[in-house]
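Asker: Following this line is final-v1.cif, made up of mmCIF, C-alpha atoms:
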data_coords
#
loop_
_atom_site.label_atom_id
_atom_site.label_comp_id
_atom_site.auth_asym_id
_atom_site.auth_seq_id
_atom_site.Cartn_x
_atom_site.Cartn_y
_atom_site.Cartn_z
CA MET A 16 90.85 124.75 114.75
CA GLN A 17 87.12 124.33 114.97
CA GLN A 18 85.12 123.95 111.77
CA SER A 19 83.34 127.30 112.32
CA THR A 20 86.66 129.07 112.87
CA LEU A 21 88.04 127.56 109.66
CA GLU A 22 84.94 128.57 107.74
CA LYS A 23 85.16 132.12 109.06
CA ALA A 24 88.84 132.39 108.08
CA PHE A 25 88.05 131.01 104.63
CA VAL A 26 85.11 133.36 104.00
CA GLU A 27 87.10 136.38 105.19
CA SER A 28 90.04 135.45 102.96
CA PHE A 29 87.80 134.86 99.96
CA SER A 30 86.03 138.19 100.51
CA GLU A 31 89.31 140.05 100.84
CA TYR A 32 91.38 138.34 98.13
CA GLY A 33 88.96 136.60 95.75
CA ASP A 34 88.74 139.40 93.18
CA ALA A 35 92.49 140.07 93.26
CA ILE A 36 93.31 136.39 92.74
CA PHE A 37 90.87 136.28 89.82
CA ARG A 38 92.50 139.36 88.24
CA PHE A 39 95.93 137.82 88.74
CA CYS A 40 94.81 134.59 87.05
CA MET A 41 93.10 136.59 84.30
CA VAL A 42 96.28 138.50 83.51
CA LYS A 43 98.27 135.26 83.54
CA VAL A 44 95.99 133.20 81.25
CA SER A 45 93.91 135.85 79.39
CA ASN A 46 90.79 133.69 79.50
CA VAL A 47 87.81 134.47 81.73
CA GLU A 48 86.58 130.90 82.18
CA LEU A 49 90.03 129.50 82.85
CA ALA A 50 90.77 132.33 85.30
CA GLU A 51 87.51 131.57 87.12
CA ASP A 52 88.40 127.86 87.27
CA MET A 53 91.91 128.67 88.52
CA THR A 54 90.53 131.00 91.18
CA GLN A 55 88.15 128.30 92.36
CA GLU A 56 91.03 125.80 92.50
CA VAL A 57 93.22 128.26 94.43
CA PHE A 58 90.57 128.60 97.12
CA THR A 59 89.87 124.86 97.11
CA ARG A 60 93.55 124.25 97.86
CA TYR A 61 93.50 127.01 100.47
CA TRP A 62 90.50 125.37 102.18
CA GLN A 63 92.28 122.02 102.18
CA SER A 64 95.36 123.64 103.73
CA LEU A 65 93.21 125.19 106.44
CA ARG A 66 91.56 121.84 107.16
CA ASP A 67 94.97 120.15 107.26
CA GLY A 68 96.08 122.65 109.91
CA LYS A 69 98.81 124.23 107.79
CA GLU A 70 100.15 127.33 109.50
CA MET A 71 99.99 130.42 107.29
CA VAL A 72 101.95 133.51 108.18
CA ASN A 73 100.67 135.52 105.21
CA THR A 74 97.42 134.33 103.61
CA ARG A 75 97.70 136.74 100.68
CA SER A 76 101.15 135.48 99.73
CA PHE A 77 100.01 131.90 100.16
CA LEU A 78 97.09 132.44 97.76
CA TYR A 79 99.26 134.21 95.17
CA THR A 80 101.85 131.43 95.40
CA ILE A 81 99.19 128.83 94.64
CA ALA A 82 97.86 130.92 91.74
CA ASN A 83 101.34 131.54 90.35
CA ASN A 84 102.22 127.84 90.51
CA MET A 85 98.96 126.94 88.78
CA ALA A 86 99.70 129.43 86.01
CA LYS A 87 103.18 127.94 85.57
CA ASP A 88 101.65 124.47 85.30
CA TRP A 89 99.12 125.71 82.76
CA TYR A 90 101.87 127.26 80.62
CA LYS A 91 103.81 124.02 80.70
CA LYS A 92 100.79 122.15 79.34
CA LYS A 93 99.74 124.66 76.70
CA LYS A 94 101.56 127.48 75.04
CA ALA A 95 99.43 130.59 75.58
CA ASP A 96 98.17 132.81 72.81
CA SER A 97 99.45 136.35 72.89
CA LEU A 98 97.62 138.89 75.01
CA ASP A 99 96.90 140.92 71.84
CA ASP A 100 94.97 138.03 70.29
CA LYS A 101 92.94 137.63 73.45
CA MET A 102 92.14 141.34 73.61
CA GLU A 103 91.00 141.34 69.98
CA SER A 104 88.77 138.32 70.59
CA GLY A 105 87.25 139.95 73.68
CA ASP A 106 88.54 137.45 76.24
CA VAL A 107 90.07 140.28 78.28
CA PRO A 108 87.21 142.33 79.72
CA ASN A 109 87.46 146.10 79.55
CA ASP A 110 86.81 148.21 82.62
CA THR A 111 83.45 149.77 81.79
CA THR A 112 83.99 152.65 84.21
CA ALA A 113 87.17 153.84 82.49
CA SER A 114 87.23 155.99 79.40
CA PRO A 115 88.09 154.28 76.10
CA GLU A 116 91.39 156.16 76.05
CA VAL A 117 92.40 154.85 79.48
CA VAL A 118 91.38 151.30 78.54
CA ALA A 119 93.39 151.54 75.29
CA GLU A 120 96.46 152.86 77.13
CA TYR A 121 96.16 150.12 79.76
CA GLN A 122 95.86 147.44 77.08
CA ALA A 123 98.84 148.90 75.22
CA VAL A 124 100.98 148.76 78.36
CA LEU A 125 99.82 145.18 79.07
CA SER A 126 100.72 144.27 75.50
CA LEU A 127 104.22 145.70 75.96
CA ILE A 128 104.59 143.82 79.24
CA ASP A 129 103.39 140.63 77.53
CA ASP A 130 106.24 140.97 75.01
CA MET A 131 108.85 141.30 77.77
CA GLU A 132 111.04 138.54 79.18
CA GLU A 133 109.07 136.20 81.46
CA ASN A 134 110.90 137.27 84.66
CA ASP A 135 110.24 140.95 83.92
CA LYS A 136 106.61 140.21 83.12
CA LYS A 137 106.05 138.37 86.43
CA VAL A 138 107.42 141.08 88.71
CA LEU A 139 105.74 143.93 86.82
CA LEU A 140 102.32 142.27 86.90
CA LEU A 141 102.57 141.35 90.57
CA LYS A 142 103.71 144.85 91.50
CA HIS A 143 101.66 147.11 89.26
CA VAL A 144 98.55 145.07 88.43
CA GLU A 145 98.14 143.22 91.73
CA GLY A 146 99.75 145.84 93.96
CA LEU A 147 101.96 143.44 95.91
CA PRO A 148 104.99 144.85 97.73
CA PRO A 149 108.43 143.39 96.87
CA LYS A 150 108.49 141.27 100.03
CA GLU A 151 105.26 139.48 99.07
CA ILE A 152 106.36 139.17 95.44
CA ALA A 153 109.50 137.47 96.76
CA GLU A 154 107.37 134.99 98.71
CA VAL A 155 105.19 134.26 95.67
CA LEU A 156 108.19 133.76 93.38
CA GLU A 157 110.23 132.02 96.09
CA GLU A 158 113.11 134.48 95.81
CA THR A 159 114.72 136.99 98.12
CA ALA A 160 113.18 140.44 98.51
CA ASN A 161 116.46 141.99 97.38
CA THR A 162 116.48 139.96 94.16
CA VAL A 163 112.88 140.95 93.47
CA SER A 164 113.63 144.64 94.11
CA VAL A 165 116.54 144.57 91.69
CA ARG A 166 114.50 142.72 89.05
CA LEU A 167 111.59 145.10 89.56
CA ASN A 168 113.80 148.17 89.10
CA ARG A 169 115.40 146.74 85.96
CA ALA A 170 112.08 145.60 84.50
CA THR A 171 110.52 149.00 85.20
CA ARG A 172 113.44 150.71 83.47
CA ARG A 173 113.06 148.42 80.42
CA LEU A 174 109.30 149.09 80.29
CA GLN A 175 109.90 152.83 80.55
CA GLU A 176 112.31 152.57 77.62
CA LYS A 177 109.69 150.71 75.55
CA LEU A 178 107.12 153.39 76.44
CA GLY A 179 109.56 156.20 75.67
CA VAL A 180 109.22 157.54 79.21
CA GLU A 181 112.21 159.17 80.83
CA LYS A 182 112.94 158.16 84.39
CA THR A 183 112.49 161.02 86.81
#
What's the structure tokens form of this structure?
Answerer:
Amino acid sequence: MQQSTLEKAFVESFSEYGDAIFRFCMVKVSNVELAEDMTQEVFTRYWQSLRDGKEMVNTRSFLYTIANNMAKDWYKKKKADSLDDKMESGDVPNDTTASPEVVAEYQAVLSLIDDMEENDKKVLLLKHVEGLPPKEIAEVLEETANTVSVRLNRATRRLQEKLGVEKT
């Protein structure tokens, strides 16, 4: 590919997925500066892959896979503080357009998710925070779509139980 074509693909991908990758990193590490650094590194690796001529079938999944792997590496190096501690310290920004009640409910649900088993936490965040379909979640987690669907259904059921919500 020509340099200008690569640059165009990169800029389009950054415009389309940059904020979502940042949010994903933010939810994973609960630290604004670290999430910004991770997002920058994700796109640096993406740029290098473009320059190396790596064929990408699904750019979004590729970016989430990089971000997910970086978060795994970060957790291996440092045990993360709980999401509750980060919220209390203000490291998790509140959505200023939402009412305080909605923000509090959202943070309460995130706190419950944070206390869940790691596999449940991953699929719930990718599905409900990032809006990825099961097929893309499977690509990010390097699992089959069927496995992800089953895990997602079970995790959702467990979260509903924690919230006291009956399944309809």
Asker: Any chance you could tabulate, as a tab-separated table, the residues of segment 71-94 of chain A at most 9 Å from segment 25-34 of chain A with each one's nearest atom pair and distance in Å to one decimal, using all atoms listed in the file, in chain and rising number order?
Answerer:
residue	atom	partner	partner_atom	distance
A:Thr74	CA	A:Ser28	CA	7.5
A:Arg75	CA	A:Tyr32	CA	7.0
A:Leu78	CA	A:Tyr32	CA	8.2
Asker: Run the PyMOL selection byres ((chain A and resi 142) around 12) against the file shown and list the residues it catches, as a list in words.
Answerer: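 With the PyMOL selection byres ((chain A and resi 142) around 12) on this model, the match is Phe39, Asp135, Lys136, Lys137, Val138, Leu139, Leu140, Leu141, His143, Val144, Glu145, Gly146, Leu147, Pro148, Pro149, Lys150, Glu151, Ile152, Ala153, Val155, Val163, Ser164, Arg166, Leu167, Asn168, Ala170 and Thr171 of chain A.
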Asker: Which one of A:Lys177, A:Glu48, A:Lys87, A:Glu154 sits closest to Val72 of chain A if you count all atoms listed in the file?
Answerer: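 Ranking A:Lys177, A:Glu48, A:Lys87, A:Glu154 by distance to Val72 of chain A, first place goes to A:Glu154.
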Asker: If I take atom CA of Asp129 of chain A and atom CA of Glu158 of chain A, how far is one from the other in Å, to one decimal?
Answerer: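 Atom-to-atom, atom CA of Asp129 of chain A to atom CA of Glu158 of chain A, that is 21.6 Å.
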Asker: Just say which residues the PyMOL selection byres ((chain A and resi 43) around 10) picks in this file, as an MDAnalysis selection string.
Answerer: chainID A and resid 37:42 44:46 50 82:83 85:87 89:90 95 98 129 136:137 140
Asker: Report, in Å with one decimal, the straight-line distance from atom CA of Gln17 of chain A to atom CA of Tyr79 of chain A.
Answerer: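 Distance between the two atoms: 25.2 Å.
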Asker: Could you tell me how far atom CA of Phe77 of chain A lies from atom CA of Lys91 of chain A, in Å and to one decimal?
Answerer: 21.3 Å
Asker: Of the candidates A:Met71, A:Ile81, A:Leu178, A:Val124, which shows the shortest atom-to-atom distance to Glu157 of chain A, using only C-alpha atoms?
Answerer: A:Ile81
